[in-house]
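Source file entry-v3.csv; content: CSV, C-alpha atoms.
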```
chain,number,residue,atom,x,y,z
A,1,MET,CA,67.5,-107.9,-38.7
A,2,PHE,CA,64.4,-107.8,-36.7
A,3,PHE,CA,66.5,-107.2,-33.6
A,4,ALA,CA,68.4,-104.4,-35.4
A,5,PHE,CA,65.2,-102.7,-36.4
A,6,ILE,CA,64.0,-102.8,-32.9
A,7,LYS,CA,67.2,-101.4,-31.7
A,8,SER,CA,67.0,-98.5,-34.2
A,9,GLU,CA,63.5,-97.9,-33.2
A,10,GLU,CA,64.5,-97.7,-29.6
A,11,LYS,CA,67.4,-95.5,-30.6
A,12,PHE,CA,65.1,-92.9,-32.3
A,13,ALA,CA,62.2,-93.2,-29.8
A,14,VAL,CA,61.3,-89.9,-28.1
A,15,PRO,CA,61.2,-90.3,-24.3
A,16,SER,CA,57.8,-89.7,-22.6
A,17,SER,CA,59.4,-86.9,-20.5
A,18,LEU,CA,60.4,-85.0,-23.6
A,19,LYS,CA,56.9,-85.4,-25.1
A,20,SER,CA,55.4,-83.9,-22.0
A,21,LYS,CA,57.8,-81.1,-22.0
A,22,THR,CA,57.0,-80.3,-25.6
A,23,THR,CA,53.3,-80.3,-25.1
A,24,THR,CA,53.6,-78.0,-22.1
A,25,TYR,CA,56.2,-75.7,-23.6
A,26,MET,CA,54.2,-74.6,-26.7
A,27,PRO,CA,51.2,-73.1,-24.9
A,28,HIS,CA,53.5,-71.1,-22.6
A,29,ARG,CA,55.3,-69.7,-25.6
A,30,ARG,CA,52.1,-68.6,-27.3
A,31,ILE,CA,51.0,-66.9,-24.1
A,32,MET,CA,54.3,-65.1,-23.8
A,33,LEU,CA,54.1,-63.9,-27.4
A,34,PHE,CA,50.5,-62.7,-26.9
A,35,TYR,CA,51.5,-60.7,-23.8
A,36,LEU,CA,54.4,-59.2,-25.6
A,37,ALA,CA,52.2,-58.1,-28.5
A,38,ILE,CA,49.8,-56.5,-26.0
A,39,LEU,CA,52.7,-54.6,-24.3
A,40,LEU,CA,53.9,-53.3,-27.7
A,41,LEU,CA,50.4,-52.2,-28.6
A,42,LEU,CA,50.0,-50.4,-25.3
A,43,GLN,CA,53.3,-48.7,-25.8
A,44,ASN,CA,52.3,-47.6,-29.3
A,45,ILE,CA,49.0,-46.3,-27.9
A,46,GLY,CA,50.7,-44.6,-25.0
A,47,GLY,CA,53.1,-42.7,-27.3
A,48,GLY,CA,50.7,-42.0,-30.1
A,49,HIS,CA,47.6,-40.2,-30.8
A,50,CYS,CA,45.7,-41.0,-27.6
A,51,THR,CA,48.1,-38.9,-25.4
A,52,VAL,CA,46.5,-35.7,-26.7
A,53,THR,CA,42.8,-35.1,-26.3
A,54,LEU,CA,40.4,-32.3,-27.0
A,55,LEU,CA,37.5,-31.9,-24.5
A,56,GLN,CA,34.3,-30.3,-25.7
A,57,PRO,CA,30.9,-30.2,-24.0
A,58,ARG,CA,28.2,-32.3,-25.7
A,59,SER,CA,25.7,-29.5,-26.1
A,60,ILE,CA,24.9,-26.0,-24.8
A,61,SER,CA,22.1,-23.4,-25.3
A,62,ALA,CA,22.0,-19.7,-25.8
A,63,MET,CA,19.3,-17.0,-26.2
A,64,ARG,CA,19.0,-15.0,-29.3
A,65,GLY,CA,21.3,-11.9,-29.2
A,66,SER,CA,23.5,-13.2,-26.4
A,67,SER,CA,27.1,-14.3,-26.4
A,68,VAL,CA,28.1,-17.9,-26.1
A,69,ASN,CA,31.4,-19.6,-25.2
A,70,LEU,CA,32.2,-22.8,-27.1
A,71,SER,CA,34.7,-24.5,-24.8
A,72,CYS,CA,37.6,-26.6,-26.1
A,73,GLN,CA,40.3,-27.7,-23.7
A,74,LEU,CA,43.5,-29.3,-24.9
A,75,GLN,CA,44.9,-32.0,-22.7
A,76,LEU,CA,48.5,-32.9,-23.5
A,77,ASN,CA,48.9,-35.5,-20.7
A,78,GLY,CA,52.6,-34.7,-20.3
A,79,VAL,CA,53.5,-34.6,-24.0
A,80,LYS,CA,55.8,-31.8,-25.1
A,81,VAL,CA,54.3,-30.0,-28.1
A,82,ASP,CA,56.4,-27.9,-30.4
A,83,ARG,CA,53.5,-26.1,-32.2
A,84,VAL,CA,49.7,-26.0,-32.1
A,85,ASN,CA,47.6,-25.1,-35.1
A,86,LEU,CA,43.9,-24.5,-34.2
A,87,TYR,CA,40.9,-25.0,-36.4
A,88,TRP,CA,37.2,-24.4,-35.7
A,89,LEU,CA,34.7,-25.7,-38.3
A,90,VAL,CA,31.0,-26.4,-38.8
A,91,PRO,CA,30.3,-29.7,-40.6
A,92,ASP,CA,27.3,-30.5,-42.7
A,93,VAL,CA,25.0,-33.6,-42.5
A,94,ASN,CA,27.6,-35.7,-44.3
A,95,TYR,CA,30.4,-34.6,-41.9
A,96,LYS,CA,32.1,-32.5,-44.5
A,97,VAL,CA,33.3,-29.0,-43.8
A,98,LYS,CA,30.4,-26.6,-44.3
A,99,GLU,CA,32.1,-23.5,-42.9
A,100,ASN,CA,35.5,-22.6,-41.4
A,101,LEU,CA,35.3,-20.3,-38.4
A,102,TYR,CA,39.0,-20.2,-37.6
A,103,PRO,CA,41.4,-19.4,-39.2
A,104,ARG,CA,39.1,-16.9,-40.8
A,105,PRO,CA,38.6,-17.3,-44.6
A,106,ARG,CA,38.6,-14.3,-46.9
A,107,LEU,CA,34.9,-14.7,-47.6
A,108,ARG,CA,33.4,-14.2,-44.2
A,109,SER,CA,29.8,-14.7,-43.1
A,110,THR,CA,28.2,-12.8,-40.2
A,111,ARG,CA,28.8,-15.8,-38.0
A,112,ILE,CA,32.5,-15.7,-38.7
A,113,ASN,CA,32.7,-12.0,-38.1
A,114,ASN,CA,31.0,-12.4,-34.7
A,115,SER,CA,33.4,-15.2,-33.6
A,116,ARG,CA,36.6,-14.7,-31.7
A,117,LEU,CA,39.1,-16.7,-29.7
A,118,VAL,CA,38.8,-16.4,-25.9
A,119,TYR,CA,42.6,-16.4,-25.6
A,120,PRO,CA,44.3,-15.3,-28.8
A,121,VAL,CA,47.7,-16.7,-27.6
A,122,PHE,CA,46.3,-20.1,-26.9
A,123,ILE,CA,48.0,-22.9,-25.1
A,124,ASN,CA,45.5,-25.2,-23.4
A,125,ASP,CA,42.3,-23.2,-23.7
A,126,LEU,CA,41.2,-23.2,-27.4
A,127,SER,CA,37.7,-21.9,-26.7
A,128,LEU,CA,35.7,-19.8,-29.2
A,129,THR,CA,33.2,-17.0,-28.4
A,130,ILE,CA,30.4,-16.0,-30.7
A,131,ASP,CA,28.6,-12.7,-30.1
A,132,ASP,CA,25.0,-11.8,-31.0
A,133,VAL,CA,24.0,-15.4,-31.7
A,134,GLN,CA,21.0,-15.9,-34.0
A,135,PRO,CA,18.6,-18.9,-34.4
A,136,SER,CA,20.4,-19.8,-37.7
A,137,TYR,CA,23.6,-20.4,-35.6
A,138,THR,CA,22.0,-23.6,-34.2
A,139,ASP,CA,24.6,-26.2,-35.4
A,140,THR,CA,27.5,-28.5,-34.4
A,141,TYR,CA,30.9,-26.8,-33.8
A,142,ILE,CA,34.0,-28.9,-33.9
A,143,CYS,CA,37.4,-28.0,-32.5
A,144,GLU,CA,40.4,-29.5,-34.2
A,145,THR,CA,44.2,-29.2,-33.8
A,146,SER,CA,47.3,-30.0,-35.8
A,147,LEU,CA,50.2,-30.6,-33.4
A,148,VAL,CA,53.9,-30.9,-34.0
A,149,ILE,CA,55.3,-33.4,-31.5
A,150,GLY,CA,59.0,-34.3,-31.7
A,151,GLY,CA,59.1,-33.1,-35.3
A,152,LYS,CA,56.1,-35.2,-36.3
A,153,SER,CA,52.7,-33.9,-37.2
A,154,GLN,CA,49.6,-35.2,-35.4
A,155,ARG,CA,46.0,-34.3,-35.8
A,156,SER,CA,43.4,-34.3,-33.0
A,157,THR,CA,39.7,-33.7,-33.3
A,158,GLY,CA,37.1,-33.0,-30.6
A,159,LYS,CA,33.7,-34.7,-30.6
A,160,GLY,CA,31.9,-31.4,-31.3
A,161,THR,CA,29.5,-29.2,-29.4
A,162,TYR,CA,25.8,-28.8,-30.5
A,163,LEU,CA,24.7,-25.2,-30.0
A,164,LEU,CA,20.9,-24.7,-29.6
A,165,VAL,CA,19.8,-21.1,-30.0
A,166,TYR,CA,16.2,-20.3,-28.8
A,167,GLU,CA,14.3,-17.1,-29.6
A,168,GLU,CA,11.8,-17.4,-26.7
A,169,PHE,CA,11.4,-19.7,-23.7
A,170,ILE,CA,8.7,-18.9,-21.2
A,171,THR,CA,6.3,-20.4,-18.7
A,172,PHE,CA,2.9,-18.9,-17.7
A,173,LEU,CA,-0.4,-19.7,-16.0
A,174,ASN,CA,-3.6,-20.0,-18.1
A,175,HIS,CA,-6.5,-20.6,-15.7
A,176,SER,CA,-6.0,-24.1,-14.5
A,177,ASP,CA,-3.3,-25.0,-17.0
A,178,LEU,CA,0.5,-24.4,-16.8
A,179,ILE,CA,2.0,-23.7,-20.3
A,180,CYS,CA,5.6,-23.9,-21.3
A,181,ARG,CA,6.7,-22.9,-24.8
A,182,ALA,CA,9.9,-22.3,-26.7
A,183,LYS,CA,10.6,-21.0,-30.2
A,184,LEU,CA,13.6,-22.6,-31.9
A,185,GLN,CA,15.1,-23.2,-35.3
A,186,GLY,CA,16.8,-26.3,-36.7
A,187,PRO,CA,16.2,-30.0,-36.2
A,188,GLN,CA,13.1,-30.8,-34.2
A,189,ASN,CA,14.9,-33.2,-31.9
A,190,VAL,CA,14.2,-31.3,-28.7
A,191,ASP,CA,11.6,-31.9,-26.0
A,192,LEU,CA,10.0,-30.1,-23.0
A,193,VAL,CA,10.0,-31.9,-19.6
A,194,TRP,CA,8.2,-30.8,-16.4
A,195,GLU,CA,9.6,-31.2,-12.9
A,196,PHE,CA,7.9,-30.6,-9.6
A,197,GLN,CA,7.9,-32.1,-6.2
A,198,ASP,CA,11.5,-33.2,-6.8
A,199,GLN,CA,10.5,-35.5,-9.7
A,200,GLU,CA,10.6,-35.3,-13.4
A,201,HIS,CA,7.3,-36.0,-15.3
A,202,ASP,CA,8.2,-36.9,-18.9
A,203,ASN,CA,4.8,-38.3,-19.6
A,204,VAL,CA,3.4,-34.8,-20.5
A,205,SER,CA,3.3,-34.6,-24.3
A,206,SER,CA,4.6,-31.7,-26.4
A,207,THR,CA,3.2,-30.2,-29.5
A,208,VAL,CA,5.3,-28.8,-32.4
A,209,ILE,CA,4.0,-26.0,-34.6
A,210,THR,CA,6.2,-25.2,-37.6
A,211,SER,CA,6.6,-21.8,-39.3
A,212,SER,CA,7.4,-20.7,-42.8
A,213,ASP,CA,10.8,-19.2,-41.7
A,214,ASN,CA,12.3,-22.6,-40.8
A,215,SER,CA,11.5,-22.0,-37.1
A,216,PHE,CA,9.1,-23.9,-34.9
A,217,TRP,CA,7.2,-23.6,-31.6
A,218,ILE,CA,7.3,-26.4,-29.1
A,219,ILE,CA,4.5,-26.2,-26.5
A,220,SER,CA,3.8,-28.3,-23.4
A,221,VAL,CA,0.6,-28.0,-21.4
A,222,LEU,CA,0.3,-29.3,-17.8
A,223,PRO,CA,-3.5,-29.5,-17.3
A,224,ASP,CA,-5.2,-29.0,-14.0
A,225,TRP,CA,-2.0,-28.3,-12.1
A,226,THR,CA,-4.0,-27.9,-8.8
A,227,GLN,CA,-4.2,-31.7,-8.6
A,228,TRP,CA,-0.6,-31.7,-7.6
A,229,CYS,CA,-1.2,-29.5,-4.6
A,230,GLN,CA,-0.6,-31.1,-1.2
A,231,THR,CA,-0.3,-29.5,2.2
A,232,GLN,CA,2.0,-26.7,1.0
A,233,GLN,CA,0.8,-23.3,0.0
A,234,ASN,CA,3.1,-22.8,-3.0
A,235,THR,CA,4.4,-25.3,-5.5
A,236,THR,CA,7.3,-24.6,-7.9
A,237,PHE,CA,7.0,-26.1,-11.4
A,238,THR,CA,10.0,-26.3,-13.6
A,239,CYS,CA,10.0,-26.6,-17.4
A,240,LYS,CA,13.2,-28.0,-18.9
A,241,LEU,CA,14.3,-27.7,-22.5
A,242,ARG,CA,16.0,-31.0,-23.3
A,243,TYR,CA,18.1,-32.1,-26.3
A,244,MET,CA,19.3,-35.7,-26.7
A,245,GLU,CA,18.4,-36.6,-23.0
A,246,GLN,CA,20.4,-33.6,-21.8
A,247,ASN,CA,18.7,-30.6,-20.0
A,248,LEU,CA,20.0,-27.4,-21.5
A,249,VAL,CA,18.0,-24.6,-19.9
A,250,GLU,CA,15.0,-24.3,-17.6
A,251,ARG,CA,12.3,-21.9,-16.5
A,252,ASN,CA,10.5,-21.9,-13.1
A,253,ILE,CA,7.0,-20.7,-12.2
A,254,ALA,CA,5.6,-20.7,-8.6
A,255,ALA,CA,1.8,-21.4,-8.3
A,256,THR,CA,-0.2,-20.8,-5.2
A,257,CYS,CA,-2.2,-23.9,-4.1
A,258,ALA,CA,-5.6,-23.4,-2.5
A,259,GLY,CA,-5.9,-27.0,-1.4
A,260,ASP,CA,-6.2,-28.4,2.1
A,261,LEU,CA,-3.8,-26.9,4.6
A,262,PRO,CA,-2.7,-28.2,8.0
A,263,ALA,CA,-5.0,-27.3,10.9
A,264,SER,CA,-2.2,-25.5,12.7
A,265,TYR,CA,-1.7,-23.3,9.7
A,266,SER,CA,-2.9,-19.8,10.0
A,267,ALA,CA,-3.5,-18.1,6.7
A,268,PRO,CA,-1.8,-14.7,6.4
A,269,GLN,CA,-4.3,-11.8,6.5
A,270,PRO,CA,-4.3,-9.3,3.6
A,271,THR,CA,-2.9,-6.5,5.7
A,272,LEU,CA,-1.9,-4.4,2.8
A,273,LEU,CA,-5.4,-4.6,1.3
A,274,TYR,CA,-7.0,-3.6,4.6
A,275,VAL,CA,-4.6,-0.6,4.9
A,276,LEU,CA,-5.4,0.6,1.4
A,277,ILE,CA,-9.2,0.3,2.0
A,278,LEU,CA,-8.9,2.2,5.3
A,279,GLY,CA,-6.7,4.8,3.8
A,280,ASN,CA,-9.1,5.4,0.9
A,281,THR,CA,-12.0,5.6,3.2
A,282,LEU,CA,-10.3,8.2,5.4
A,283,LEU,CA,-9.3,10.2,2.3
A,284,ILE,CA,-12.9,10.2,1.1
A,285,LEU,CA,-14.2,11.4,4.5
A,286,LEU,CA,-11.6,14.1,4.6
A,287,ILE,CA,-12.6,15.4,1.2
A,288,ILE,CA,-16.3,15.4,2.2
A,289,ILE,CA,-15.5,17.3,5.4
A,290,ILE,CA,-13.4,19.9,3.5
A,291,ILE,CA,-16.1,20.4,0.9
A,292,THR,CA,-18.8,20.7,3.6
A,293,PHE,CA,-16.7,23.3,5.5
A,294,PHE,CA,-16.1,25.4,2.4
A,295,CYS,CA,-19.8,25.3,1.4
A,296,LYS,CA,-20.9,26.6,4.8
A,297,LYS,CA,-18.3,29.3,4.8
A,298,GLU,CA,-19.3,30.4,1.3
A,299,LYS,CA,-23.0,30.5,2.3
A,300,LYS,CA,-22.2,32.8,5.3
A,301,ARG,CA,-20.1,35.1,3.2
A,302,ARG,CA,-23.0,35.5,0.7
A,303,ILE,CA,-25.4,36.4,3.6
A,304,ARG,CA,-23.0,39.1,4.9
A,305,VAL,CA,-22.7,40.7,1.5
A,306,VAL,CA,-26.5,40.8,0.6
A,307,VAL,CA,-27.9,42.1,4.0
A,308,PRO,CA,-26.1,45.5,4.2
A,309,ASN,CA,-27.1,46.5,0.6
A,310,ALA,CA,-30.9,45.6,1.1
A,311,LYS,CA,-33.4,48.2,-0.2
A,312,PHE,CA,-36.8,48.8,1.5
A,313,PRO,CA,-39.8,50.2,-0.4
A,314,SER,CA,-40.8,53.9,0.3
A,315,SER,CA,-44.3,52.9,1.6
A,316,SER,CA,-42.8,51.2,4.5
A,317,LYS,CA,-41.2,54.5,5.9
A,318,THR,CA,-43.3,56.4,8.6
A,319,LYS,CA,-43.5,60.2,8.4
A,320,TYR,CA,-43.5,62.2,11.6
A,321,ASN,CA,-45.5,65.5,11.4
A,322,GLY,CA,-44.6,66.9,14.7
```

Would you give me this structure, written as structure tokens?
Amino acid sequence: MFFAFIKSEEKFAVPSSLKSKTTTYMPHRRIMLFYLAILLLLQNIGGGHCTVTLLQPRSISAMRGSSVNLSCQLQLNGVKVDRVNLYWLVPDVNYKVKENLYPRPRLRSTRINNSRLVYPVFINDLSLTIDDVQPSYTDTYICETSLVIGGKSQRSTGKGTYLLVYEEFITFLNHSDLICRAKLQGPQNVDLVWEFQDQEHDNVSSTVITSSDNSFWIISVLPDWTQWCQTQQNTTFTCKLRYMEQNLVERNIAATCAGDLPASYSAPQPTLLYVLILGNTLLILLIIIIITFFCKKEKKRRIRVVVPNAKFPSSSKTKYNG
């Protein structure tokens, strides 16, 4: 019996070679299944929603009263589209639709009436133009499409473009200070940055002054700008209006430095000023000469008129009695 038990145990024993094969086979099988799942996923992604994209710029700026182009480019990436339905909308703070710009609703605001498609028969360019922009138009604009691909409907949404409308943006010189100011409306998440000598100086602070009409002034002062003068005669200072680390618009101002100049440098003479002074002097002398000439001529004329009509007293006449 004991021998039989050993025999049966040997009969059902698993060879060591099979054990090694089993232990090495299972990991390879799992890796193959894992790669297969990845391939299927990539195939799904390649034939699904990621094949169609909408490209929108992150943010743009426009001056009050101008026209602005809100770009939206449809990239099909080789996908054949049967139909494209376009939507332009403005979301609120909770990302719900606040206003539909296209297609136009029945109740239209001034912003809707001022908007129009760049290409009415659109294919790839779905851009929207807004005329006569106002500070209240400062907002996020989202481009959205509903596509029909192979009989199936697919929706694609752009990331949105933030439009910043400014009423005024100027730079000017005030004694030894350079001042940059802008008037805006909307969220106060903008900043002013100075750039000169090929370097940005973001350590200059800005001041925000709010108004009662929901607008605000942002002002940046660069004090004692002459300290940045070197050996050059003129220095260009640039003030940039920045939103979310992106420069939207800029203004330049050239200031004349009166600092130390190279020894070989010859300062330009004010030729025009000298010419004006000389011309004015000659004109004054000419006027004086003309006045003197006419005065002398008038005096001689008076003498000629008075002498022939002179009357002598009768006592001065001598009688001759023969």

- Pull the neighbourhood of (18.4, -23.4, -28.2) for me: all residues within 10 Å in file coordinates, counting all atoms listed in the file, as a ChimeraX atom specification. /A:59-64,134-135,137-139,162-169,182-186,190,241-243,248-249

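Here CA of Cys229 in chain A and CA of Asn174 in chain A stand 16.7 Å from one another.
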
Residue contacts of Ser127 in chain A (8 Å, all atoms listed in the file) excluding same-chain residues fewer than 3 positions away, as a short mmCIF file (atom, residue, chain, number, x, y, z; two decimals) with C-alpha atoms, in the frame of the given file:
```
data_model
loop_
_atom_site.label_atom_id
_atom_site.label_comp_id
_atom_site.auth_asym_id
_atom_site.auth_seq_id
_atom_site.Cartn_x
_atom_site.Cartn_y
_atom_site.Cartn_z
CA ASN A 69 31.40 -19.60 -25.20
CA LEU A 70 32.20 -22.80 -27.10
CA SER A 71 34.70 -24.50 -24.80
CA CYS A 72 37.60 -26.60 -26.10
CA GLN A 73 40.30 -27.70 -23.70
CA LEU A 117 39.10 -16.70 -29.70
CA VAL A 118 38.80 -16.40 -25.90
CA TYR A 119 42.60 -16.40 -25.60
#
```

- Item | Between CA of Cys143 in chain A and CA of Thr53 in chain A - distance in Å to one decimal |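 CA of Thr53 in chain A sits 10.9 Å away from CA of Cys143 in chain A.
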
- Query: Mind pulling up the distance from CA of Ser109 in chain A to CA of Leu89 in chain A?
  - Reply: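 If I compute the distance from CA of Leu89 in chain A to CA of Ser109 in chain A, I get 13.0 Å.
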
- Message: Give me the residues near Pro120 in chain A as a list in words, where near means some atom within 12 Å (using all atoms listed in the file) and where sequence neighbours in that chain fewer than 5 positions away do not count.
- Response: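 Counting only the stated atoms, we get Leu86, Tyr102, Pro103, Ser115, Asp125, Leu126, Ser127, Leu128 and Thr129 of chain A.
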
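Among the candidates A:Ile179, A:Ile289, A:Thr238, A:Ser211, the residue lying nearest to Gln197 in chain A is A:Thr238 (atoms considered: all atoms listed in the file).
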